[in-house]
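S.K.: Here you go, one structure.
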Amino acid sequence: MKLYNTLSKKIEEFVPKNAEQVKMYTCGPTVYHFAHIGNLRTYISEDVLQKGLEYLGYKVMRCMNITDVGHLTSDSDTGEDKMVKGARREGKTVYEIAEFYTNVFFEDLSKLNIKKPSIIEKASDHINTYIKIIDKLINDGYAYLSNGNVYFDISKIDDYYKLSGKNPAELLVGVRDDVFDDSAKKNPGDFVLWFTISKFENQVMKWDSPWGVGYPGWHIECSGIAYEMLGDYLDIHCGGVDNIFPHHTNEIAQSEAFLGHKWCNFWFHGAHLNDKNGKMAKSNNDFLTLTLLEEKGYDPLCYRYFCLNSHYRSQLVFSYEAMDIAKNSLNKLKNKISKLNKDGEIDKKSVQYYNSKFKEAFCNDINTSLMLTILYDVLKDNNINDATKYCIVTDMDKVFSLDLTNNKNSNNNISKELEQEILKKIEIRNIAKKNKDFITADSIRDYLLTLNIRLIDTKEGTTYEII
């Protein structure tokens with residue numbers, strides 16, 4: 001298994017500490033708002049990683065946090081808690097906001113066929129663990145109390161920037177707007193481990209601590225949950241590229257200072273999803289959700305298919321034109337698979353051959369585009385029968401999770417006579433459109449809609465689906 005490691009900046013062989021089990025930690029959502037489809041792209045990539053490892057025979061113990069407290073609107077430890085901001089926006093309590101958006105998040109994961117992590121922990125449930133870690137960091141000289149808050153001293157870490165590759169000079173106040181000149185800090189880059197009531201008097205979620213009533217910083221939450229649920233070592237830590245600095249950088253610093261040894265060998269990061277205006281983010285107040293895609297007529301799995309056609313480390317540009325192509329392609333793929341004759345003897349050698357190629361593509365830094373190409377090669381192979389193809393496709397879909405053999409819109413659900421009529425109508429409509437006879441073209445579209453058949457026009461041609 002070859003995988004790009006953000007820590008080393010190169011593709012390396014992935015070797016877990018335990019040969020049979022992979023301990024994986026993935027940064028979960030801050031549940032103050034809907035997840036946008038850029039967030040969900042990262043979770044799709046992590047899902048493919050987990051399922052691919054399981055396909056190779058590993059057992060994966062995956063932990064995800066739910067950030068329901070302590071994540072500020074600025075990564076430089078300034079601004080307000082995002083949860084409080086969400087509660088004020090909707091006139092609800094912080095606890096109501098957390099419960100609502102946690103449920104919505106997992107509904108989105110379910111729609112995308114993303115496997116739920118075996119361990120899911122709310123940040124607010126592990127306060128004692130954070131206090132234990134922070135107390136040791138203070139006693140060991142890695143953290144200090146100043147102006148009512150506890151800070152981590154990054155000057156105590158020789159290779160603090162090893163994950164991000166950042167140049168400390170670029171982070172000075174006046175060079176970057178998001179660096180806050182906090183006079184309570186020894187160094188501008190020091191980050192907060194514990195906030196007290198002296199700084200956030202209106203904070204709803206707060207607890208007693210040795211340093212005063214307050215709440216934990218965002219970064220300590222992931223370190224604490226990972227330590228408590230997965231132990232002293234991680235095999236792989238996942239997240240989006242925007243988490244590399246400062247969040248994951250700070251996780252490494254505080255975790256290794258607390259544990260006294262290297263904490264995580266592999267760091268896995270998914271690239272941004274961009275739209276025509278650039279990076280998709282909630283701060284733009286104009287972000288796309290999975291529900292919005294559904295309202296526009298896209299099955300969530302079309303979005304999953306759209307993501308799988310691009311490498312997880314490559315920036316992906318979203319457009320509705322691209323989604324139309326993905327929708328059309330996935331429908332065609334499912335329709336072709338649905339017509340396979342499942343009866344017949346399975347050619348085990350062919351199954352072994354294609355599974356080997358599929359694993360090889362996955363092991364090449366999760367090359368999902370090549371994995372899909374191999375799937376199409378299976379369907380085009382005239383030397384193997386339908387039963388063998390169906391067997392191979394079913395096996396591959398354990399990783400793809402596109403419901404390839406469970407096509408609710410399968411054109412096999414209609415008679416051959418109706419299918420022939422639809423194809424004939426499409427041909428007539430295409431001629432009418434070419435002759436700019438839009439009245440006839442529209443009448444054919446409307447007629448087919450009365451039969452619960454929706455036409456789908458793309459650059460590749462016209463296809464249809466049952467509605």
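By convention in this document, the chains of the structure tokens carry letters A, B, ... by their order, each chain's residues are numbered from 1, and ligands are numbered from 1 in the order they are shown.
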Could you list, as a compact mmCIF listing (two decimals) with N, CA and C atoms, in the first residue's frame, every residue within 6 Å of A:Met1, counting only C-alpha atoms and ignoring same-chain residues fewer than 3 positions away?
M.R.:
# COMPACT_ATOMS: atom_id res chain seq x y z
N GLU A 13 5.33 3.64 1.67
CA GLU A 13 4.60 2.41 1.97
C GLU A 13 3.89 2.58 3.31
N PHE A 14 2.60 2.32 3.29
CA PHE A 14 1.82 2.44 4.53
C PHE A 14 1.94 1.14 5.33
N CYS A 363 -3.83 0.72 -4.20
CA CYS A 363 -2.55 0.80 -3.49
C CYS A 363 -1.60 1.83 -4.08
S.K.: For A:Ala322, work out the shell of residues within 12 Å, counting only C-alpha atoms and skipping chain neighbours fewer than 5 positions away, then give it as a list in words.
M.R.: Asp275, Tyr298, Cys302, Tyr303, Tyr305, Phe306, Cys307, Asn309, Ser310, Leu316, Val317, Lys327, Asn328, Ser329, Thr458, Lys459 and Glu460 of chain A
S.K.: Hey, can you check how far atom CA of A:Gln21 sits from atom CA of A:Lys59?
M.R.: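 According to the coordinates, atom CA of A:Gln21 and atom CA of A:Lys59 are separated by 4.7 Å.
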S.K.: Can you pull out every residue within 8 Å of stretch 206-209 of chain A, counting only C-alpha atoms, but drop anything in the same chain fewer than 4 positions away, and send it as a VMD selection string?
M.R.: chain A and resid 127 131 213 to 215
S.K.: I need the residues of stretch 132-256 of chain A that end up classed as alpha helix (DSSP H) by DSSP on the backbone, written out as a VMD selection string.
M.R.: chain A and resid 132 to 139 218 to 230 249 to 256
S.K.: I need the residue nearest A:His237 from this list: A:Lys17, A:Arg62, A:His311, A:Lys425. Use only C-alpha atoms for the distance.
M.R.: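 Using only C-alpha atoms, the shortest distance to A:His237 belongs to A:Arg62.
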S.K.: Can you tell me, as a list in words, which residues in stretch 177-287 of chain A count as strand (DSSP E or B) by DSSP?
M.R.: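 Here is the list: Phe191, Val192, Leu193, Trp194, Phe195, Thr196, Trp207, Gly214, Tyr215, Pro216, Leu234, Asp235, Ile236, His237, Cys238, Gly239, Gly240, Cys264, Asn265, Phe266, Trp267, Phe268, His269, Gly270, Leu273, Asn274, Asp275, Gly278 and Lys279 of chain A.
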S.K.: Considering only C-alpha atoms, can you say which of A:Glu96, A:Asp324, A:Glu107, A:Glu294 comes closest to A:Ile456?
M.R.: A:Asp324
S.K.: Extract, using only C-alpha atoms, all DNA, RNA and protein residues at most 12 Å from A:Asn147, discarding same-chain residues fewer than 4 positions from it, and format them as a ChimeraX atom specification.
M.R.: /A:151,182-186,192,194-199,211-212
S.K.: Which residues of stretch 62-161 of chain A come within 12 Å of stretch 250-269 of chain A, and for each one, what is the closest pair of atoms and their distance in Å to one decimal, counting only C-alpha atoms, sorted by chain and residue number, as JSON lines?
M.R.:
{"residue": "A:Asp75", "atom": "CA", "partner": "A:Asn250", "partner_atom": "CA", "distance": 10.9}
{"residue": "A:Ser76", "atom": "CA", "partner": "A:Asn250", "partner_atom": "CA", "distance": 11.6}
{"residue": "A:Thr129", "atom": "CA", "partner": "A:Phe258", "partner_atom": "CA", "distance": 11.9}
{"residue": "A:Tyr130", "atom": "CA", "partner": "A:Gln254", "partner_atom": "CA", "distance": 10.9}
{"residue": "A:Ile131", "atom": "CA", "partner": "A:Phe258", "partner_atom": "CA", "distance": 11.9}
{"residue": "A:Lys132", "atom": "CA", "partner": "A:Phe258", "partner_atom": "CA", "distance": 9.8}
{"residue": "A:Ile133", "atom": "CA", "partner": "A:Phe258", "partner_atom": "CA", "distance": 6.5}
{"residue": "A:Ile134", "atom": "CA", "partner": "A:Phe258", "partner_atom": "CA", "distance": 8.4}
{"residue": "A:Asp135", "atom": "CA", "partner": "A:Phe258", "partner_atom": "CA", "distance": 9.7}
{"residue": "A:Lys136", "atom": "CA", "partner": "A:Phe258", "partner_atom": "CA", "distance": 6.8}
{"residue": "A:Leu137", "atom": "CA", "partner": "A:Phe258", "partner_atom": "CA", "distance": 6.1}
{"residue": "A:Ile138", "atom": "CA", "partner": "A:Phe258", "partner_atom": "CA", "distance": 9.8}
{"residue": "A:Asn139", "atom": "CA", "partner": "A:Phe258", "partner_atom": "CA", "distance": 10.3}
{"residue": "A:Asp140", "atom": "CA", "partner": "A:Phe258", "partner_atom": "CA", "distance": 8.4}
{"residue": "A:Gly141", "atom": "CA", "partner": "A:Ala257", "partner_atom": "CA", "distance": 9.5}
{"residue": "A:Tyr142", "atom": "CA", "partner": "A:Ala257", "partner_atom": "CA", "distance": 7.1}
{"residue": "A:Ala143", "atom": "CA", "partner": "A:Gln254", "partner_atom": "CA", "distance": 9.1}
{"residue": "A:Tyr151", "atom": "CA", "partner": "A:Gln254", "partner_atom": "CA", "distance": 10.6}
{"residue": "A:Phe152", "atom": "CA", "partner": "A:Gln254", "partner_atom": "CA", "distance": 7.5}
{"residue": "A:Asp153", "atom": "CA", "partner": "A:Ala253", "partner_atom": "CA", "distance": 9.4}
{"residue": "A:Ile154", "atom": "CA", "partner": "A:Ala253", "partner_atom": "CA", "distance": 7.6}
{"residue": "A:Ser155", "atom": "CA", "partner": "A:Ala253", "partner_atom": "CA", "distance": 10.4}
{"residue": "A:Lys156", "atom": "CA", "partner": "A:Ala257", "partner_atom": "CA", "distance": 9.0}
{"residue": "A:Ile157", "atom": "CA", "partner": "A:Ala253", "partner_atom": "CA", "distance": 6.8}
{"residue": "A:Asp158", "atom": "CA", "partner": "A:Ala253", "partner_atom": "CA", "distance": 9.7}
{"residue": "A:Asp159", "atom": "CA", "partner": "A:Ala253", "partner_atom": "CA", "distance": 8.7}
{"residue": "A:Tyr160", "atom": "CA", "partner": "A:Ala253", "partner_atom": "CA", "distance": 6.4}
{"residue": "A:Tyr161", "atom": "CA", "partner": "A:Ala253", "partner_atom": "CA", "distance": 9.3}
S.K.: Using only C-alpha atoms, please write the residues we just selected to a file, as a PDB file, in the first residue's frame.
M.R.:
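The result, written out as part_9.pdb:
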ATOM      1  CA  ASP A  75      -7.802  29.815  13.971  1.00  0.00           C
ATOM      2  CA  SER A  76      -5.635  32.414  15.678  1.00  0.00           C
ATOM      3  CA  THR A 129      -9.050  14.100  29.605  1.00  0.00           C
ATOM      4  CA  TYR A 130      -8.179  17.571  28.307  1.00  0.00           C
ATOM      5  CA  ILE A 131      -7.525  18.773  31.852  1.00  0.00           C
ATOM      6  CA  LYS A 132      -5.258  15.769  32.478  1.00  0.00           C
ATOM      7  CA  ILE A 133      -3.210  16.474  29.346  1.00  0.00           C
ATOM      8  CA  ILE A 134      -2.992  20.215  29.954  1.00  0.00           C
ATOM      9  CA  ASP A 135      -1.939  19.716  33.569  1.00  0.00           C
ATOM     10  CA  LYS A 136       0.951  17.482  32.479  1.00  0.00           C
ATOM     11  CA  LEU A 137       1.985  19.924  29.748  1.00  0.00           C
ATOM     12  CA  ILE A 138       2.187  22.718  32.339  1.00  0.00           C
ATOM     13  CA  ASN A 139       4.154  20.565  34.779  1.00  0.00           C
ATOM     14  CA  ASP A 140       6.571  19.502  32.016  1.00  0.00           C
ATOM     15  CA  GLY A 141       7.181  23.101  30.923  1.00  0.00           C
ATOM     16  CA  TYR A 142       5.377  22.963  27.570  1.00  0.00           C
ATOM     17  CA  ALA A 143       2.461  25.172  28.615  1.00  0.00           C
ATOM     18  CA  TYR A 151      -1.150  28.540  26.285  1.00  0.00           C
ATOM     19  CA  PHE A 152       1.097  25.987  24.595  1.00  0.00           C
ATOM     20  CA  ASP A 153       4.649  27.299  24.132  1.00  0.00           C
ATOM     21  CA  ILE A 154       5.649  26.389  20.565  1.00  0.00           C
ATOM     22  CA  SER A 155       9.249  27.469  21.211  1.00  0.00           C
ATOM     23  CA  LYS A 156       9.648  24.263  23.218  1.00  0.00           C
ATOM     24  CA  ILE A 157       9.172  22.197  20.039  1.00  0.00           C
ATOM     25  CA  ASP A 158      12.181  22.081  17.692  1.00  0.00           C
ATOM     26  CA  ASP A 159      10.276  20.850  14.622  1.00  0.00           C
ATOM     27  CA  TYR A 160       6.924  22.543  15.228  1.00  0.00           C
ATOM     28  CA  TYR A 161       6.431  23.323  11.505  1.00  0.00           C
TER      29      TYR A 161
END
